[in-house]
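See below for target-v5.cif, which holds mmCIF, C-alpha atoms.
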```
data_my_file
#
loop_
_atom_site.group_PDB
_atom_site.id
_atom_site.type_symbol
_atom_site.label_atom_id
_atom_site.label_comp_id
_atom_site.auth_asym_id
_atom_site.auth_seq_id
_atom_site.Cartn_x
_atom_site.Cartn_y
_atom_site.Cartn_z
ATOM 1 C CA LEU A 820 -11.435 -61.716 -6.787
ATOM 2 C CA GLN A 821 -13.618 -64.788 -6.352
ATOM 3 C CA GLN A 822 -10.567 -67.032 -6.274
ATOM 4 C CA ILE A 823 -8.810 -64.881 -3.675
ATOM 5 C CA SER A 824 -12.038 -64.583 -1.671
ATOM 6 C CA ARG A 825 -12.402 -68.390 -1.524
ATOM 7 C CA MET A 826 -8.759 -68.767 -0.538
ATOM 8 C CA LEU A 827 -9.138 -66.187 2.249
ATOM 9 C CA MET A 828 -12.296 -67.897 3.542
ATOM 10 C CA LYS A 829 -10.450 -71.226 3.790
ATOM 11 C CA LEU A 830 -7.410 -69.573 5.363
ATOM 12 C CA PHE A 831 -9.397 -67.833 8.084
ATOM 13 C CA GLN A 832 -11.616 -70.876 8.723
ATOM 14 C CA ARG A 833 -8.473 -72.865 9.521
ATOM 15 C CA ALA A 834 -7.113 -70.037 11.650
ATOM 16 C CA ARG A 835 -10.421 -69.797 13.547
ATOM 17 C CA LEU A 836 -10.194 -73.531 14.372
ATOM 18 C CA GLU A 837 -6.740 -72.997 15.880
ATOM 19 C CA LYS A 838 -7.460 -69.698 17.657
ATOM 20 C CA PRO A 839 -11.228 -69.124 17.753
ATOM 21 C CA VAL A 840 -11.137 -66.069 20.001
ATOM 22 C CA GLN A 841 -8.433 -64.259 18.001
ATOM 23 C CA VAL A 842 -9.984 -64.496 14.520
ATOM 24 C CA ASP A 843 -12.800 -62.110 13.659
ATOM 25 C CA PRO A 844 -15.664 -63.831 11.783
ATOM 26 C CA LYS A 845 -15.383 -61.123 9.113
ATOM 27 C CA ALA A 846 -11.590 -61.435 8.764
ATOM 28 C CA ALA A 847 -11.775 -62.797 5.203
ATOM 29 C CA GLU A 848 -14.134 -59.998 4.143
ATOM 30 C CA PHE A 849 -11.956 -57.315 5.770
ATOM 31 C CA THR A 850 -8.786 -58.738 4.246
ATOM 32 C CA LEU A 851 -10.315 -58.877 0.773
ATOM 33 C CA SER A 852 -11.413 -55.241 1.136
ATOM 34 C CA LEU A 853 -7.862 -54.317 2.121
ATOM 35 C CA LEU A 854 -6.390 -56.169 -0.856
ATOM 36 C CA ILE A 855 -8.806 -54.432 -3.234
ATOM 37 C CA ALA A 856 -7.926 -51.062 -1.724
ATOM 38 C CA LEU A 857 -4.221 -51.858 -2.059
ATOM 39 C CA SER A 858 -4.615 -52.581 -5.753
ATOM 40 C CA GLY A 859 -6.348 -49.283 -6.405
ATOM 41 C CA THR A 860 -7.989 -50.821 -9.463
ATOM 42 C CA GLY A 861 -10.263 -53.523 -8.094
ATOM 43 C CA TYR A 862 -8.043 -56.108 -9.798
ATOM 44 C CA VAL A 863 -5.833 -57.996 -7.344
ATOM 45 C CA THR A 864 -2.854 -59.994 -8.586
ATOM 46 C CA THR A 865 -1.973 -63.186 -6.777
ATOM 47 C CA ARG A 866 1.584 -61.979 -6.283
ATOM 48 C CA SER A 867 0.656 -58.647 -4.678
ATOM 49 C CA ALA A 868 -1.998 -60.356 -2.521
ATOM 50 C CA ALA A 869 0.571 -62.898 -1.337
ATOM 51 C CA ALA A 870 3.114 -60.155 -0.594
ATOM 52 C CA ALA A 871 0.546 -58.282 1.496
ATOM 53 C CA LEU A 872 -0.512 -61.430 3.374
ATOM 54 C CA ILE A 873 3.096 -62.422 4.044
ATOM 55 C CA SER A 874 4.086 -58.969 5.251
ATOM 56 C CA LEU A 875 1.005 -58.568 7.460
ATOM 57 C CA SER A 876 1.202 -62.087 8.896
ATOM 58 C CA GLY A 877 2.065 -62.755 12.521
ATOM 59 C CA ASP A 878 5.274 -64.532 11.569
ATOM 60 C CA THR A 879 8.776 -63.407 12.551
ATOM 61 C CA LEU A 880 10.567 -60.835 10.414
ATOM 62 C CA LEU A 881 13.091 -63.397 9.216
ATOM 63 C CA ALA A 882 10.329 -65.812 8.188
ATOM 64 C CA LYS A 883 8.556 -62.999 6.318
ATOM 65 C CA TYR A 884 11.763 -61.962 4.555
ATOM 66 C CA ARG A 885 12.515 -65.547 3.526
ATOM 67 C CA ALA A 886 8.961 -66.085 2.258
ATOM 68 C CA LEU A 887 9.084 -62.859 0.229
ATOM 69 C CA PHE A 888 12.422 -63.922 -1.255
ATOM 70 C CA GLN A 889 11.079 -67.333 -2.246
ATOM 71 C CA PHE A 890 7.948 -65.817 -3.724
ATOM 72 C CA TYR A 891 9.733 -63.240 -5.904
ATOM 73 C CA ALA A 892 12.958 -65.099 -6.675
ATOM 74 C CA VAL A 893 13.747 -66.592 -10.057
ATOM 75 C CA PRO A 894 15.469 -69.942 -10.564
ATOM 76 C CA GLY A 895 19.211 -69.481 -10.883
ATOM 77 C CA GLY A 896 20.738 -72.923 -11.279
ATOM 78 C CA LYS A 897 21.624 -74.225 -7.817
ATOM 79 C CA GLU A 898 19.753 -71.521 -5.917
ATOM 80 C CA ALA A 899 17.027 -68.956 -6.353
ATOM 81 C CA LEU A 900 17.998 -65.350 -7.061
ATOM 82 C CA ILE A 901 16.422 -61.906 -6.898
ATOM 83 C CA THR A 902 16.967 -59.787 -9.994
ATOM 84 C CA HIS A 903 16.636 -56.006 -10.267
ATOM 85 C CA SER A 904 13.194 -56.373 -11.842
ATOM 86 C CA ALA A 905 12.036 -58.921 -9.235
ATOM 87 C CA LEU A 906 13.145 -56.595 -6.419
ATOM 88 C CA ARG A 907 11.391 -53.668 -8.134
ATOM 89 C CA SER A 908 8.174 -55.725 -8.293
ATOM 90 C CA LEU A 909 8.489 -56.750 -4.651
ATOM 91 C CA LEU A 910 9.140 -53.212 -3.415
ATOM 92 C CA THR A 911 6.376 -51.760 -5.577
ATOM 93 C CA ASP A 912 3.892 -54.333 -4.277
ATOM 94 C CA LEU A 913 4.920 -53.818 -0.647
ATOM 95 C CA ASN A 914 4.893 -50.028 -1.024
ATOM 96 C CA GLN A 915 1.133 -50.208 -1.604
ATOM 97 C CA ILE A 916 0.567 -51.148 2.041
ATOM 98 C CA PRO A 917 1.807 -47.917 3.681
ATOM 99 C CA ALA A 918 0.462 -45.923 0.714
ATOM 100 C CA ILE A 919 -3.104 -46.858 1.648
ATOM 101 C CA VAL A 920 -2.760 -44.918 4.904
ATOM 102 C CA GLY A 921 -0.975 -41.979 3.314
ATOM 103 C CA GLY A 922 2.557 -43.283 3.745
ATOM 104 C CA GLY A 923 4.772 -45.012 1.260
ATOM 105 C CA CYS A 924 7.344 -43.490 -0.997
ATOM 106 C CA SER A 925 7.821 -42.509 -4.596
ATOM 107 C CA LEU A 926 9.151 -44.556 -7.480
ATOM 108 C CA SER A 927 12.538 -42.864 -7.024
ATOM 109 C CA CYS A 928 12.632 -44.190 -3.455
ATOM 110 C CA VAL A 929 12.161 -47.720 -4.822
ATOM 111 C CA GLU A 930 14.959 -47.170 -7.359
ATOM 112 C CA ILE A 931 17.312 -45.880 -4.654
ATOM 113 C CA ALA A 932 16.548 -48.965 -2.545
ATOM 114 C CA ILE A 933 17.299 -51.257 -5.501
ATOM 115 C CA HIS A 934 20.594 -49.432 -6.097
ATOM 116 C CA ASP A 935 21.513 -49.798 -2.410
ATOM 117 C CA CYS A 936 20.656 -53.498 -2.393
ATOM 118 C CA PHE A 937 22.804 -54.185 -5.447
ATOM 119 C CA CYS A 938 25.659 -51.893 -4.375
ATOM 120 C CA GLY A 939 28.935 -53.752 -4.854
ATOM 121 C CA VAL A 940 27.231 -56.668 -6.621
ATOM 122 C CA LEU A 941 28.708 -57.535 -10.008
ATOM 123 C CA ASN A 942 26.028 -60.026 -10.993
ATOM 124 C CA ALA A 943 22.553 -59.239 -12.323
ATOM 125 C CA ALA A 944 20.939 -61.015 -9.356
ATOM 126 C CA ILE A 945 21.564 -61.641 -5.664
ATOM 127 C CA VAL A 946 21.294 -64.715 -3.479
ATOM 128 C CA GLU A 947 19.036 -65.014 -0.453
ATOM 129 C CA GLU A 948 21.762 -64.211 2.108
ATOM 130 C CA LYS A 949 22.611 -60.898 0.401
ATOM 131 C CA PHE A 950 18.889 -60.072 0.223
ATOM 132 C CA LEU A 951 18.401 -60.879 3.923
ATOM 133 C CA SER A 952 21.488 -58.882 4.875
ATOM 134 C CA TRP A 953 20.136 -55.862 3.007
ATOM 135 C CA LEU A 954 16.715 -56.205 4.684
ATOM 136 C CA ARG A 955 18.333 -56.441 8.121
ATOM 137 C CA SER A 956 19.838 -52.994 7.491
ATOM 138 C CA GLU A 957 16.220 -51.742 7.488
ATOM 139 C CA PRO A 958 16.098 -49.851 4.183
ATOM 140 C CA ALA A 959 13.922 -46.722 4.351
ATOM 141 C CA VAL A 960 11.493 -48.008 1.721
ATOM 142 C CA LEU A 961 10.540 -50.922 4.003
ATOM 143 C CA LEU A 962 11.025 -49.342 7.415
ATOM 144 C CA TRP A 963 7.306 -49.770 8.099
ATOM 145 C CA LEU A 964 7.651 -53.571 8.039
ATOM 146 C CA PRO A 965 9.976 -54.062 11.047
ATOM 147 C CA THR A 966 8.190 -51.199 12.820
ATOM 148 C CA CYS A 967 4.807 -52.935 12.479
ATOM 149 C CA TYR A 968 6.382 -56.210 13.554
ATOM 150 C CA ARG A 969 7.829 -54.636 16.706
ATOM 151 C CA LEU A 970 4.513 -52.978 17.518
ATOM 152 C CA SER A 971 2.594 -56.228 17.164
ATOM 153 C CA ALA A 972 5.211 -58.122 19.185
ATOM 154 C CA THR A 973 4.872 -55.677 22.069
ATOM 155 C CA GLU A 974 1.087 -56.127 22.151
ATOM 156 C CA MET A 975 1.631 -59.589 23.601
ATOM 157 C CA VAL A 976 3.946 -58.390 26.385
ATOM 158 C CA SER A 977 2.478 -58.195 29.825
ATOM 159 C CA HIS A 978 4.081 -57.217 33.068
ATOM 160 C CA GLU A 979 3.041 -57.159 36.672
ATOM 161 C CA ALA A 980 4.302 -53.657 37.432
ATOM 162 C CA THR A 981 1.855 -51.150 38.844
ATOM 163 C CA CYS A 982 1.969 -47.426 38.253
ATOM 164 C CA ARG A 983 1.203 -44.714 40.754
#
```
Turn this file's structure into structure tokens for me.
Amino acid sequence: LQQISRMLMKLFQRARLEKPVQVDPKAAEFTLSLLIALSGTGYVTTRSAAAALISLSGDTLLAKYRALFQFYAVPGGKEALITHSALRSLLTDLNQIPAIVGGGCSLSCVEIAIHDCFCGVLNAAIVEEKFLSWLRSEPAVLLWLPTCYRLSATEMVSHEATCR
């Protein structure tokens, strides 16, 4: 926890330099509390913390998906690959985020998503393009991710229309 706390402090200090008005002074503290709550045990793994930070970042969906792939992929010769077990770990870690607010899905939901992702695949692992294609289909287990992205993207929209 101390290591993650120090990392979050540095991360938000840099962010505050770039966008001082948009970064709450307690952002690191709040984020650490969220990560601890996500773990449910008080022990936060680097991988699950990174998955949460990537998924909750302000980046585009495609950038998030690519970062998650790179973080969970295993070396596969010329290119990185996602195996069944790596995808299970990723989905389990990401499923903790909606679970904290009473959402999320069961282990069977994760298994169904893995089956769908690997449907028609003869190999034990998939390449990034197959992974991205599957994510673009908005699988139910991760439907919260593009939904949150769209909600945050619309917060920045302003228009000059007036209502009666």
For Arg885 of chain A, work out the shell of residues within 12 Å, counting all atoms listed in the file and skipping chain neighbours fewer than 5 positions away, then give it as a list in words.
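Once the adjacent positions are removed, what remains is Ala870, Ile873, Ser874, Asp878, Thr879, Leu880, Phe890, Tyr891, Ala892, Ala899, Leu900, Ile901, Val946, Glu947, Glu948, Lys949, Phe950, Leu951, Ser952, Leu954 and Arg955 of chain A.
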Excluding Leu830 of chain A and residues on its chain fewer than 5 positions from it, collect all residues at most 9 Å away from it, counting only C-alpha atoms, and give them as a list of chain:residue names.
A:Arg825, A:Arg835, A:Ala847
Shortest interatomic distance to Ala959 of chain A - which of A:Met975, A:Ile919, A:Leu910, A:Ile945, counting only C-alpha atoms
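Checking each candidate against Ala959 of chain A, we get A:Leu910 as the closest.
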Can you give me, as a VMD selection string, the residues this file yields under the PyMOL selection byres ((chain A and resi 928) around 12)?
chain A and resid 907 910 to 911 914 923 to 927 929 to 935 958 to 961
Suppose you want the space between atom CA of Ile916 of chain A and atom CA of Leu857 of chain A; what is it in Å?
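Going from atom CA of Ile916 of chain A over to atom CA of Leu857 of chain A covers 6.3 Å.
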Could you tell me which residues the PyMOL selection byres ((chain A and resi 832) around 12) grabs in this file, written as a list in words?
Arg825, Met826, Leu827, Met828, Lys829, Leu830, Phe831, Arg833, Ala834, Arg835, Leu836, Glu837, Lys838, Pro839, Gln841, Val842, Asp843, Pro844, Lys845, Ala846 and Ala847 of chain A
